[in-house]
Amino acid sequence: MKSFLENLHDTFIVDDRWKYLTNGLKTTLLITFFAVIIGMILGFIIAIIRASHDKTGKFKILNLFAKLYLTVIRGTPVMVQLLIIYYVIFASVNIDKVFVGILAFGLNSAAYVAEIVRSGIMSIDNGQFEAGTSLGMNYSKTMVYIIIPQAFKNVLPALANECIVLLKETSVAGYIALEDLTKGGDIIRSLTYEAFLPLIAVALIYLIMVVALSSLVSRLERRLAKSDRG
Amino acid sequence: MKKALTFISAALIMGTVLTGCGSAKENNTIHSADDLEGKTIGTQLGTTGYIFAGDIKDAKVEPYNKGADAIQALKQGKVDAVIIDSEPAKVFVDKNDDLQILSDPFAVEEYSIAYKKGNDELGKKLDEALEDLKKDGTLDDIVNNWISDSEETKSYEDNNDDVSAGTLIMATNAEFPPYESMDHNEIVGIDVDMMHAICDKLNMELKVENMEFDSIIAAVDSGKADVGVAGISVTPEREKNVSFTSGYATTTQVIITRKD
């Protein structure tokens with residue numbers, strides 16, 4: 001039986017193996033960051049289309065597309081979507097895998113963000129719309145200046161949760177031989193045949209990221225709550 | 001009417017997306033092991049091919065979970081070459097007309113059965129049974145049955161119902177034809193037949209567990225499986241964690257590329 005220190009040395013120090021984890025962490029953060037951006041932008045657009053359709057009956061065709069998109073994306077596992085984008089859609093193109101990852105996780109996240117934001121928009125009382133109209137604002141102005149800011153505050157915890165889920169979901173990126181944090185741990189495991197340390201190290205890094213993210217969000221929530229009355 | 005139009009336009013968009021991204025598969029530029037420098041090489045994580053590829057100068061090594069995934073990436077032009085064991089390579093190339101095996105063998109290795117360190121009693125029994133199978137020609141018969149195309153070979157048949165000595169759990173990765181692969185929901189192959197023959201000698205019952213290749217050594221080490229048999233070649237790193245029997249097959253690592 002090898003001692004704990006020897007294990008530690010074998011897992012992280014020999015051949016600079018810790019670099020698998022730091023490089024993997026970089027890839028994970030890169031994918032998550034840009035996927036969140038894509039997810040937020042696309043998600044907000046879809047949510048506004050869907051909510052506007054529900055409220056005014058406009059955007060019939062766009063709404064249909066949005067519904068189809070939500071059904072397909074939410075009805076299939078992200079891992080299968082990732083494999084389809086890599087092996088089917090970009091079948092004969094030699095494309096950067098990080099880009100494939102960003103695209104797959106971004107498109108996936110957009111569907112969930114869209115439904116979260118839509119529920120936020122729908123939760124704002126209709127009186128707010130009428131108030132906007134009675135002040136002479138048109139629909140889009142009311143949406144941007146009155147509804148979205150209130151809706152955003154309401155759905156912030158759910159959006160933060162979606163970011164956290166996305167961060168953890170990127171761990172399946174290894175299936176297209178993308179060297180993310182989880183794969184980095186797997187590579188070390190395949191070299192040392194020791195399961196304990198690489199897996200625990202990977203788990204700890206995810207945990208630290210999630211805790212940091214949560215505390216950031218709760219600070220933002222407190223900051224936004226300052227404008228609340230009472 | 002509007003609905004129908006929407007669906008038609010949706011179908012058209014999907015069609016262009018799926019076909020429009022075709023084209024531009026790079027030509028093969030690798031004709032010997034020396035050409036691998038600076039290239040992108042697909043391998044299966046945890047195999048010796050992955051370790052060898054890491055030693056090639058400036059090469060970018062992509063660790064896939066399965067050998068077949070690496071082959072698929074090669075076919076699509078995502079990697080320039082795949083380094084893998086010679087027997088699975090033959091099967092992959094047989095099934096894919098657009099691939100070829102380079103004649104330079106990359107490294108010569110021997111496959112062995114892995115067992116838990118310190119379990120010398122089991123190791124001794126395995127070694128003895130293996131020796132018997134080599135002597136009486138059973139092992140050759142099993143290998144020939146899987147490798148040659150001849151009709152005359154026959155598959156190994158269980159000839160001992162005595163399982164008084166208990167169960168032997170074998171960890172393997174059924175993605176590695178002809179040594180082990182899935183056939184009609186059953187794991188079959190040279191390794192499986194060989195272990196059946198060994199278990200018959202030892203009056204044991206064989207139970208096969210399928211897992212990722214890089215989990216096999218860990219499974220044997222932690223006692224979740226008694227033996228690891230999956231075309232595992234002996235490396236110093238692996239010997240730190242498990243013990244190995246004598247070798248049962250000699251094999252080489254080969255380079256697969258697209259055809260010119």
# chains A, B, ... in the order shown; residues from 1 in each chain; ligands from 1
call {"tool": "residues_around", "arguments": {"residues": "A:Gln81", "least_positions_apart": "6", "cutoff": "10 Å", "atoms": "only C-alpha atoms", "output": "list in words"}}
result
Val72, Ile73, Tyr87, Val88, Ala104, Phe105, Leu107 and Asn108 of chain A
call {"tool": "select_by_dssp", "arguments": {"residues": "stretch 22-226 of chain B", "states": "strand (DSSP E)", "output": "VMD selection string"}}
result
chain B and resid 40 to 44 60 to 64 81 to 85 99 to 116 167 to 172 175 to 176 180 to 183 186 to 188 205 to 210
call {"tool": "write_last_selection", "arguments": {"atoms": "N, CA and C atoms", "output": "short mmCIF file (atom, residue, chain, number, x, y, z; two decimals), in the first residue's frame"}}
result
data_model
loop_
_atom_site.label_atom_id
_atom_site.label_comp_id
_atom_site.auth_asym_id
_atom_site.auth_seq_id
_atom_site.Cartn_x
_atom_site.Cartn_y
_atom_site.Cartn_z
N THR B 40 -2.23 15.98 -35.00
CA THR B 40 -3.24 15.69 -33.99
C THR B 40 -3.51 14.19 -33.99
N ILE B 41 -3.35 13.56 -32.84
CA ILE B 41 -3.45 12.11 -32.76
C ILE B 41 -4.59 11.71 -31.83
N GLY B 42 -5.48 10.87 -32.34
CA GLY B 42 -6.57 10.37 -31.51
C GLY B 42 -6.15 9.09 -30.81
N THR B 43 -6.49 8.95 -29.52
CA THR B 43 -6.18 7.72 -28.80
C THR B 43 -7.32 7.41 -27.85
N GLN B 44 -7.26 6.21 -27.28
CA GLN B 44 -8.23 5.88 -26.24
C GLN B 44 -7.57 6.14 -24.90
N LYS B 60 -0.44 16.88 -30.83
CA LYS B 60 -1.58 17.18 -29.97
C LYS B 60 -2.34 15.87 -29.77
N VAL B 61 -2.44 15.41 -28.54
CA VAL B 61 -3.05 14.11 -28.28
C VAL B 61 -4.47 14.31 -27.77
N GLU B 62 -5.44 13.65 -28.41
CA GLU B 62 -6.82 13.78 -27.97
C GLU B 62 -7.29 12.48 -27.35
N PRO B 63 -7.61 12.49 -26.06
CA PRO B 63 -8.00 11.26 -25.38
C PRO B 63 -9.50 11.01 -25.49
N TYR B 64 -9.90 10.08 -26.33
CA TYR B 64 -11.32 9.71 -26.44
C TYR B 64 -11.64 8.62 -25.43
N ALA B 81 -4.38 11.01 -37.17
CA ALA B 81 -4.03 9.59 -37.06
C ALA B 81 -4.55 9.06 -35.73
N VAL B 82 -4.69 7.74 -35.65
CA VAL B 82 -5.09 7.11 -34.40
C VAL B 82 -4.04 6.06 -34.06
N ILE B 83 -3.58 6.05 -32.82
CA ILE B 83 -2.66 5.00 -32.39
C ILE B 83 -3.42 4.05 -31.48
N ILE B 84 -3.42 2.76 -31.87
CA ILE B 84 -4.22 1.79 -31.14
C ILE B 84 -3.61 0.40 -31.32
N ASP B 85 -4.05 -0.56 -30.52
CA ASP B 85 -3.50 -1.92 -30.61
C ASP B 85 -3.82 -2.54 -31.97
N LEU B 99 -9.99 3.85 -44.43
CA LEU B 99 -8.88 3.90 -43.48
C LEU B 99 -7.82 2.85 -43.81
N GLN B 100 -6.59 3.10 -43.35
CA GLN B 100 -5.52 2.14 -43.57
C GLN B 100 -4.61 2.08 -42.34
N ILE B 101 -3.91 0.93 -42.20
CA ILE B 101 -2.92 0.79 -41.13
C ILE B 101 -1.55 0.99 -41.74
N LEU B 102 -0.73 1.84 -41.14
CA LEU B 102 0.63 2.02 -41.66
C LEU B 102 1.46 0.79 -41.31
N SER B 103 2.42 0.47 -42.20
CA SER B 103 3.18 -0.76 -41.98
C SER B 103 4.18 -0.65 -40.84
N ASP B 104 4.57 0.57 -40.45
CA ASP B 104 5.49 0.68 -39.29
C ASP B 104 4.76 0.28 -38.03
N PRO B 105 5.19 -0.79 -37.37
CA PRO B 105 4.60 -1.00 -36.04
C PRO B 105 5.20 0.03 -35.09
N PHE B 106 4.46 0.38 -34.09
CA PHE B 106 4.86 1.49 -33.26
C PHE B 106 5.61 1.02 -32.02
N ALA B 107 5.08 0.02 -31.37
CA ALA B 107 5.72 -0.53 -30.18
C ALA B 107 5.19 -1.93 -29.98
N VAL B 108 6.06 -2.83 -29.51
CA VAL B 108 5.63 -4.22 -29.29
C VAL B 108 5.32 -4.41 -27.81
N GLU B 109 4.21 -5.07 -27.53
CA GLU B 109 3.81 -5.28 -26.13
C GLU B 109 3.25 -6.67 -25.94
N GLU B 110 3.06 -7.02 -24.67
CA GLU B 110 2.43 -8.29 -24.37
C GLU B 110 1.23 -8.09 -23.46
N TYR B 111 0.10 -8.74 -23.79
CA TYR B 111 -1.09 -8.64 -22.95
C TYR B 111 -0.98 -9.61 -21.78
N SER B 112 -1.43 -9.18 -20.61
CA SER B 112 -1.43 -10.05 -19.43
C SER B 112 -2.73 -9.88 -18.66
N ILE B 113 -2.94 -10.84 -17.75
CA ILE B 113 -4.11 -10.75 -16.87
C ILE B 113 -3.70 -10.01 -15.60
N ALA B 114 -4.46 -9.02 -15.21
CA ALA B 114 -4.15 -8.27 -13.99
C ALA B 114 -4.92 -8.86 -12.82
N TYR B 115 -4.25 -8.98 -11.68
CA TYR B 115 -4.96 -9.40 -10.45
C TYR B 115 -4.46 -8.56 -9.29
N LYS B 116 -5.21 -8.61 -8.19
CA LYS B 116 -4.92 -7.72 -7.06
C LYS B 116 -3.55 -8.03 -6.47
N THR B 167 -16.86 -18.01 -7.68
CA THR B 167 -17.00 -17.16 -8.86
C THR B 167 -15.75 -16.31 -9.05
N LEU B 168 -15.39 -16.12 -10.31
CA LEU B 168 -14.28 -15.23 -10.63
C LEU B 168 -14.86 -14.04 -11.41
N ILE B 169 -14.69 -12.83 -10.87
CA ILE B 169 -15.24 -11.65 -11.56
C ILE B 169 -14.15 -11.04 -12.43
N MET B 170 -14.48 -10.91 -13.70
CA MET B 170 -13.51 -10.37 -14.66
C MET B 170 -13.98 -8.99 -15.11
N ALA B 171 -13.10 -7.99 -14.94
CA ALA B 171 -13.43 -6.63 -15.42
C ALA B 171 -12.87 -6.47 -16.81
N THR B 172 -13.68 -5.94 -17.71
CA THR B 172 -13.21 -5.73 -19.08
C THR B 172 -13.89 -4.52 -19.68
N GLU B 175 -15.08 -2.89 -25.86
CA GLU B 175 -15.01 -1.97 -27.00
C GLU B 175 -13.75 -2.29 -27.78
N PHE B 176 -13.29 -3.50 -27.71
CA PHE B 176 -11.93 -3.80 -28.12
C PHE B 176 -11.90 -5.10 -28.92
N GLU B 180 -12.46 -8.27 -26.94
CA GLU B 180 -13.77 -8.29 -26.31
C GLU B 180 -14.65 -7.25 -26.98
N SER B 181 -15.86 -7.63 -27.26
CA SER B 181 -16.82 -6.69 -27.83
C SER B 181 -18.22 -7.19 -27.51
N MET B 182 -19.21 -6.35 -27.78
CA MET B 182 -20.58 -6.74 -27.50
C MET B 182 -21.16 -7.45 -28.72
N ASP B 183 -21.85 -8.55 -28.50
CA ASP B 183 -22.55 -9.23 -29.57
C ASP B 183 -23.87 -9.73 -29.02
N GLU B 186 -24.18 -9.66 -25.38
CA GLU B 186 -23.29 -10.51 -24.61
C GLU B 186 -21.87 -10.06 -24.89
N ILE B 187 -21.01 -10.17 -23.88
CA ILE B 187 -19.62 -9.79 -24.11
C ILE B 187 -18.89 -11.03 -24.61
N VAL B 188 -18.30 -10.93 -25.79
CA VAL B 188 -17.61 -12.07 -26.39
C VAL B 188 -16.21 -11.64 -26.82
N GLU B 205 -16.70 -20.26 -11.71
CA GLU B 205 -17.68 -19.70 -12.63
C GLU B 205 -17.23 -18.30 -13.00
N LEU B 206 -17.32 -17.99 -14.30
CA LEU B 206 -16.85 -16.67 -14.75
C LEU B 206 -18.00 -15.67 -14.79
N LYS B 207 -17.74 -14.49 -14.24
CA LYS B 207 -18.72 -13.41 -14.34
C LYS B 207 -17.99 -12.22 -14.96
N VAL B 208 -18.54 -11.69 -16.07
CA VAL B 208 -17.86 -10.61 -16.78
C VAL B 208 -18.54 -9.29 -16.47
N GLU B 209 -17.74 -8.29 -16.10
CA GLU B 209 -18.27 -6.95 -15.83
C GLU B 209 -17.69 -5.97 -16.84
N ASN B 210 -18.57 -5.22 -17.49
CA ASN B 210 -18.14 -4.26 -18.51
C ASN B 210 -17.97 -2.89 -17.88
#
call {"tool": "interface_residues", "arguments": {"of": "chain B", "to": "chain A", "cutoff": "6 Å", "atoms": "only C-alpha atoms", "output": "list in words"}}
result
Leu18, Gly22, Gly46, Glu62, Pro63, Tyr64, Gln76, Lys78, Asp214 and Ala218 of chain B
call {"tool": "residues_around", "arguments": {"residues": "A:Pro157", "least_positions_apart": "5", "cutoff": "12 Å", "atoms": "only C-alpha atoms", "output": "PDB file with N, CA and C atoms, in the first residue's frame"}}
result
ATOM      1  N   VAL A 113     -33.018  29.106 -19.655  1.00  0.00           N
ATOM      2  CA  VAL A 113     -33.074  30.526 -19.304  1.00  0.00           C
ATOM      3  C   VAL A 113     -34.378  31.136 -19.832  1.00  0.00           C
ATOM      4  N   ILE A 116     -37.251  30.380 -17.610  1.00  0.00           N
ATOM      5  CA  ILE A 116     -37.116  31.084 -16.326  1.00  0.00           C
ATOM      6  C   ILE A 116     -37.512  32.553 -16.494  1.00  0.00           C
ATOM      7  N   VAL A 117     -36.959  33.202 -17.543  1.00  0.00           N
ATOM      8  CA  VAL A 117     -37.235  34.618 -17.752  1.00  0.00           C
ATOM      9  C   VAL A 117     -38.712  34.827 -18.099  1.00  0.00           C
ATOM     10  N   GLY A 120     -40.697  34.913 -15.172  1.00  0.00           N
ATOM     11  CA  GLY A 120     -40.491  36.185 -14.481  1.00  0.00           C
ATOM     12  C   GLY A 120     -41.342  37.286 -15.092  1.00  0.00           C
ATOM     13  N   ALA A 151     -38.750  41.882 -13.552  1.00  0.00           N
ATOM     14  CA  ALA A 151     -38.736  40.437 -13.767  1.00  0.00           C
ATOM     15  C   ALA A 151     -37.347  39.883 -13.455  1.00  0.00           C
ATOM     16  N   PHE A 152     -36.318  40.616 -13.892  1.00  0.00           N
ATOM     17  CA  PHE A 152     -34.942  40.160 -13.697  1.00  0.00           C
ATOM     18  C   PHE A 152     -34.653  39.933 -12.219  1.00  0.00           C
ATOM     19  N   GLU A 162     -29.282  28.261 -12.677  1.00  0.00           N
ATOM     20  CA  GLU A 162     -29.048  27.742 -14.028  1.00  0.00           C
ATOM     21  C   GLU A 162     -27.559  27.820 -14.390  1.00  0.00           C
ATOM     22  N   CYS A 163     -26.893  28.927 -13.988  1.00  0.00           N
ATOM     23  CA  CYS A 163     -25.447  29.054 -14.236  1.00  0.00           C
ATOM     24  C   CYS A 163     -24.686  27.945 -13.522  1.00  0.00           C
ATOM     25  N   ILE A 164     -25.089  27.679 -12.278  1.00  0.00           N
ATOM     26  CA  ILE A 164     -24.411  26.648 -11.493  1.00  0.00           C
ATOM     27  C   ILE A 164     -24.608  25.280 -12.143  1.00  0.00           C
ATOM     28  N   LEU A 213     -19.588  31.318  -6.724  1.00  0.00           N
ATOM     29  CA  LEU A 213     -20.645  31.842  -7.585  1.00  0.00           C
ATOM     30  C   LEU A 213     -21.887  32.189  -6.752  1.00  0.00           C
ATOM     31  N   SER A 214     -22.252  31.294  -5.817  1.00  0.00           N
ATOM     32  CA  SER A 214     -23.444  31.521  -4.991  1.00  0.00           C
ATOM     33  C   SER A 214     -23.286  32.773  -4.153  1.00  0.00           C
ATOM     34  N   SER A 215     -22.081  32.976  -3.587  1.00  0.00           N
ATOM     35  CA  SER A 215     -21.913  34.133  -2.711  1.00  0.00           C
ATOM     36  C   SER A 215     -21.954  35.418  -3.539  1.00  0.00           C
ATOM     37  N   LEU A 216     -21.413  35.355  -4.756  1.00  0.00           N
ATOM     38  CA  LEU A 216     -21.498  36.520  -5.644  1.00  0.00           C
ATOM     39  C   LEU A 216     -22.954  36.882  -5.905  1.00  0.00           C
ATOM     40  N   VAL A 217     -23.752  35.851  -6.186  1.00  0.00           N
ATOM     41  CA  VAL A 217     -25.151  36.096  -6.510  1.00  0.00           C
ATOM     42  C   VAL A 217     -25.894  36.653  -5.314  1.00  0.00           C
ATOM     43  N   SER A 218     -25.612  36.132  -4.111  1.00  0.00           N
ATOM     44  CA  SER A 218     -26.371  36.631  -2.957  1.00  0.00           C
ATOM     45  C   SER A 218     -25.985  38.077  -2.682  1.00  0.00           C
ATOM     46  N   ARG A 219     -24.721  38.463  -2.994  1.00  0.00           N
ATOM     47  CA  ARG A 219     -24.349  39.878  -2.852  1.00  0.00           C
ATOM     48  C   ARG A 219     -25.131  40.744  -3.845  1.00  0.00           C
ATOM     49  N   LEU A 220     -25.229  40.218  -5.074  1.00  0.00           N
ATOM     50  CA  LEU A 220     -25.969  40.959  -6.103  1.00  0.00           C
ATOM     51  C   LEU A 220     -27.434  41.106  -5.704  1.00  0.00           C
ATOM     52  N   GLU A 221     -27.973  40.027  -5.128  1.00  0.00           N
ATOM     53  CA  GLU A 221     -29.379  40.069  -4.701  1.00  0.00           C
ATOM     54  C   GLU A 221     -29.585  41.126  -3.629  1.00  0.00           C
ATOM     55  N   ARG A 222     -28.641  41.173  -2.670  1.00  0.00           N
ATOM     56  CA  ARG A 222     -28.757  42.162  -1.593  1.00  0.00           C
ATOM     57  C   ARG A 222     -28.686  43.580  -2.163  1.00  0.00           C
ATOM     58  N   LEU A 224     -29.534  44.521  -5.179  1.00  0.00           N
ATOM     59  CA  LEU A 224     -30.753  44.855  -5.904  1.00  0.00           C
ATOM     60  C   LEU A 224     -31.916  45.098  -4.948  1.00  0.00           C
TER      61      LEU A 224
END
call {"tool": "residues_around", "arguments": {"residues": "stretch 167-171 of chain A", "least_positions_apart": "3", "cutoff": "12 Å", "atoms": "only C-alpha atoms", "output": "compact mmCIF listing (two decimals) with N, CA and C atoms, in the first residue's frame"}}
result
# COMPACT_ATOMS: atom_id res chain seq x y z
N GLY A 24 -7.51 21.99 -17.51
CA GLY A 24 -8.90 21.57 -17.60
C GLY A 24 -9.82 22.64 -17.01
N LEU A 25 -9.38 23.21 -15.88
CA LEU A 25 -10.18 24.26 -15.23
C LEU A 25 -10.36 25.44 -16.18
N THR A 27 -10.36 25.39 -19.45
CA THR A 27 -11.33 25.02 -20.49
C THR A 27 -12.74 25.06 -19.94
N THR A 28 -12.94 24.50 -18.74
CA THR A 28 -14.27 24.48 -18.13
C THR A 28 -14.80 25.91 -17.96
N LEU A 29 -13.94 26.80 -17.43
CA LEU A 29 -14.38 28.18 -17.20
C LEU A 29 -14.68 28.89 -18.51
N LEU A 30 -13.82 28.65 -19.51
CA LEU A 30 -14.01 29.27 -20.82
C LEU A 30 -15.36 28.86 -21.41
N ILE A 31 -15.62 27.55 -21.41
CA ILE A 31 -16.88 27.04 -21.96
C ILE A 31 -18.06 27.62 -21.19
N THR A 32 -17.98 27.55 -19.84
CA THR A 32 -19.09 28.01 -19.03
C THR A 32 -19.36 29.49 -19.28
N PHE A 33 -18.30 30.30 -19.28
CA PHE A 33 -18.46 31.75 -19.42
C PHE A 33 -19.19 32.10 -20.72
N PHE A 34 -18.68 31.57 -21.84
CA PHE A 34 -19.30 31.96 -23.11
C PHE A 34 -20.66 31.28 -23.30
N ALA A 35 -20.81 30.07 -22.75
CA ALA A 35 -22.11 29.40 -22.85
C ALA A 35 -23.16 30.18 -22.07
N VAL A 36 -22.77 30.73 -20.91
CA VAL A 36 -23.71 31.54 -20.12
C VAL A 36 -24.13 32.77 -20.93
N PRO A 77 -31.15 14.90 -23.72
CA PRO A 77 -30.05 15.14 -22.78
C PRO A 77 -28.95 15.98 -23.42
N VAL A 78 -28.31 16.81 -22.61
CA VAL A 78 -27.28 17.70 -23.14
C VAL A 78 -26.11 16.91 -23.74
N MET A 79 -25.85 15.73 -23.17
CA MET A 79 -24.74 14.94 -23.69
C MET A 79 -25.01 14.50 -25.13
N LEU A 82 -24.60 17.42 -27.41
CA LEU A 82 -23.18 17.68 -27.63
C LEU A 82 -22.63 16.74 -28.70
N VAL A 98 -13.57 23.46 -28.36
CA VAL A 98 -14.05 24.39 -27.33
C VAL A 98 -15.27 25.14 -27.87
N VAL A 100 -17.36 24.01 -30.14
CA VAL A 100 -18.48 23.05 -30.13
C VAL A 100 -19.10 22.99 -28.74
N GLY A 101 -18.24 22.95 -27.72
CA GLY A 101 -18.72 22.89 -26.34
C GLY A 101 -19.53 24.13 -25.99
N ILE A 102 -18.97 25.30 -26.32
CA ILE A 102 -19.66 26.56 -26.02
C ILE A 102 -21.04 26.58 -26.69
N LEU A 103 -21.06 26.18 -27.97
CA LEU A 103 -22.30 26.19 -28.73
C LEU A 103 -23.32 25.23 -28.11
N ALA A 104 -22.88 24.01 -27.82
CA ALA A 104 -23.81 23.00 -27.30
C ALA A 104 -24.38 23.43 -25.95
N PHE A 105 -23.50 23.83 -25.03
CA PHE A 105 -23.98 24.19 -23.70
C PHE A 105 -24.74 25.52 -23.73
N GLY A 106 -24.33 26.45 -24.61
CA GLY A 106 -25.03 27.72 -24.74
C GLY A 106 -26.45 27.52 -25.24
N ASN A 108 -28.18 24.83 -25.16
CA ASN A 108 -28.95 24.08 -24.16
C ASN A 108 -29.43 25.01 -23.05
N SER A 109 -28.51 25.82 -22.54
CA SER A 109 -28.85 26.70 -21.43
C SER A 109 -29.92 27.71 -21.85
N ALA A 160 -29.22 32.25 -11.48
CA ALA A 160 -27.94 31.87 -10.87
C ALA A 160 -27.86 30.36 -10.75
N ASN A 161 -28.98 29.77 -10.37
CA ASN A 161 -29.02 28.32 -10.26
C ASN A 161 -28.74 27.67 -11.61
N GLU A 162 -29.28 28.26 -12.68
CA GLU A 162 -29.05 27.74 -14.03
C GLU A 162 -27.56 27.82 -14.39
N CYS A 163 -26.89 28.93 -13.99
CA CYS A 163 -25.45 29.05 -14.24
C CYS A 163 -24.69 27.95 -13.52
N ILE A 164 -25.09 27.68 -12.28
CA ILE A 164 -24.41 26.65 -11.49
C ILE A 164 -24.61 25.28 -12.14
N GLY A 174 -16.04 15.91 -21.83
CA GLY A 174 -15.00 14.92 -22.10
C GLY A 174 -15.40 13.90 -23.14
N TYR A 175 -16.70 13.75 -23.39
CA TYR A 175 -17.14 12.76 -24.37
C TYR A 175 -16.70 13.09 -25.78
N ILE A 176 -16.38 14.35 -26.07
CA ILE A 176 -15.84 14.65 -27.40
C ILE A 176 -14.34 14.92 -27.27
N ALA A 177 -13.72 14.27 -26.28
CA ALA A 177 -12.27 14.39 -26.04
C ALA A 177 -11.85 15.82 -25.77
N LEU A 178 -12.75 16.59 -25.23
CA LEU A 178 -12.43 17.94 -24.80
C LEU A 178 -11.82 17.82 -23.40
N GLU A 179 -10.65 18.45 -23.20
CA GLU A 179 -9.99 18.24 -21.91
C GLU A 179 -10.44 19.27 -20.89
N ASP A 180 -11.62 19.05 -20.33
CA ASP A 180 -12.11 19.96 -19.30
C ASP A 180 -11.64 19.46 -17.94
N LEU A 181 -12.17 20.07 -16.88
CA LEU A 181 -11.69 19.72 -15.54
C LEU A 181 -11.91 18.24 -15.23
N THR A 182 -13.12 17.73 -15.52
CA THR A 182 -13.41 16.33 -15.22
C THR A 182 -12.49 15.41 -16.01
N LYS A 183 -12.31 15.72 -17.29
CA LYS A 183 -11.44 14.89 -18.12
C LYS A 183 -10.00 14.97 -17.61
N GLY A 184 -9.58 16.15 -17.14
CA GLY A 184 -8.25 16.30 -16.57
C GLY A 184 -8.04 15.32 -15.43
N GLY A 185 -9.05 15.23 -14.55
CA GLY A 185 -8.99 14.27 -13.46
C GLY A 185 -8.96 12.84 -13.97
N ASP A 186 -9.74 12.58 -15.02
CA ASP A 186 -9.79 11.23 -15.61
C ASP A 186 -8.44 10.84 -16.20
N VAL A 202 -10.99 17.10 -8.14
CA VAL A 202 -11.91 17.66 -9.13
C VAL A 202 -13.20 18.12 -8.45
N ALA A 203 -13.74 17.27 -7.55
CA ALA A 203 -14.98 17.61 -6.85
C ALA A 203 -14.80 18.89 -6.05
N ILE A 205 -12.71 21.36 -6.55
CA ILE A 205 -12.60 22.55 -7.41
C ILE A 205 -13.99 22.99 -7.87
N TYR A 206 -14.83 22.03 -8.28
CA TYR A 206 -16.20 22.39 -8.67
C TYR A 206 -16.92 23.04 -7.49
N LEU A 207 -16.76 22.43 -6.32
CA LEU A 207 -17.47 22.93 -5.13
C LEU A 207 -17.06 24.37 -4.84
N ILE A 208 -15.75 24.63 -4.89
CA ILE A 208 -15.26 25.98 -4.59
C ILE A 208 -15.85 26.98 -5.60
N MET A 209 -15.89 26.57 -6.88
CA MET A 209 -16.43 27.48 -7.89
C MET A 209 -17.90 27.77 -7.62
N VAL A 210 -18.66 26.73 -7.28
CA VAL A 210 -20.09 26.90 -7.06
C VAL A 210 -20.34 27.78 -5.84
N VAL A 211 -19.57 27.55 -4.76
CA VAL A 211 -19.74 28.35 -3.55
C VAL A 211 -19.42 29.81 -3.85
N LEU A 213 -19.59 31.32 -6.72
CA LEU A 213 -20.64 31.84 -7.59
C LEU A 213 -21.89 32.19 -6.75
call {"tool": "closest_residue", "arguments": {"among": "B:Phe213, B:Trp146, B:Phe52, B:Tyr156", "to": "B:Gly189", "atoms": "only C-alpha atoms"}}
result
B:Trp146
call {"tool": "atom_distance", "arguments": {"atom1": "atom CA of A:Ile146", "atom2": "atom CA of A:Thr71"}}
result
29.4 Å
call {"tool": "residues_around", "arguments": {"residues": "A:Phe12", "least_positions_apart": "5", "cutoff": "10 Å", "atoms": "only C-alpha atoms", "output": "ChimeraX atom specification"}}
result
/A:7,17-21,188,192,197-198,201
call {"tool": "select_by_dssp", "arguments": {"residues": "stretch 103-229 of chain A", "states": "alpha helix (DSSP H)", "output": "NGL selection string"}}
result
:A and (103-123 or 126-134 or 139-141 or 148-169 or 181-192 or 196-225)
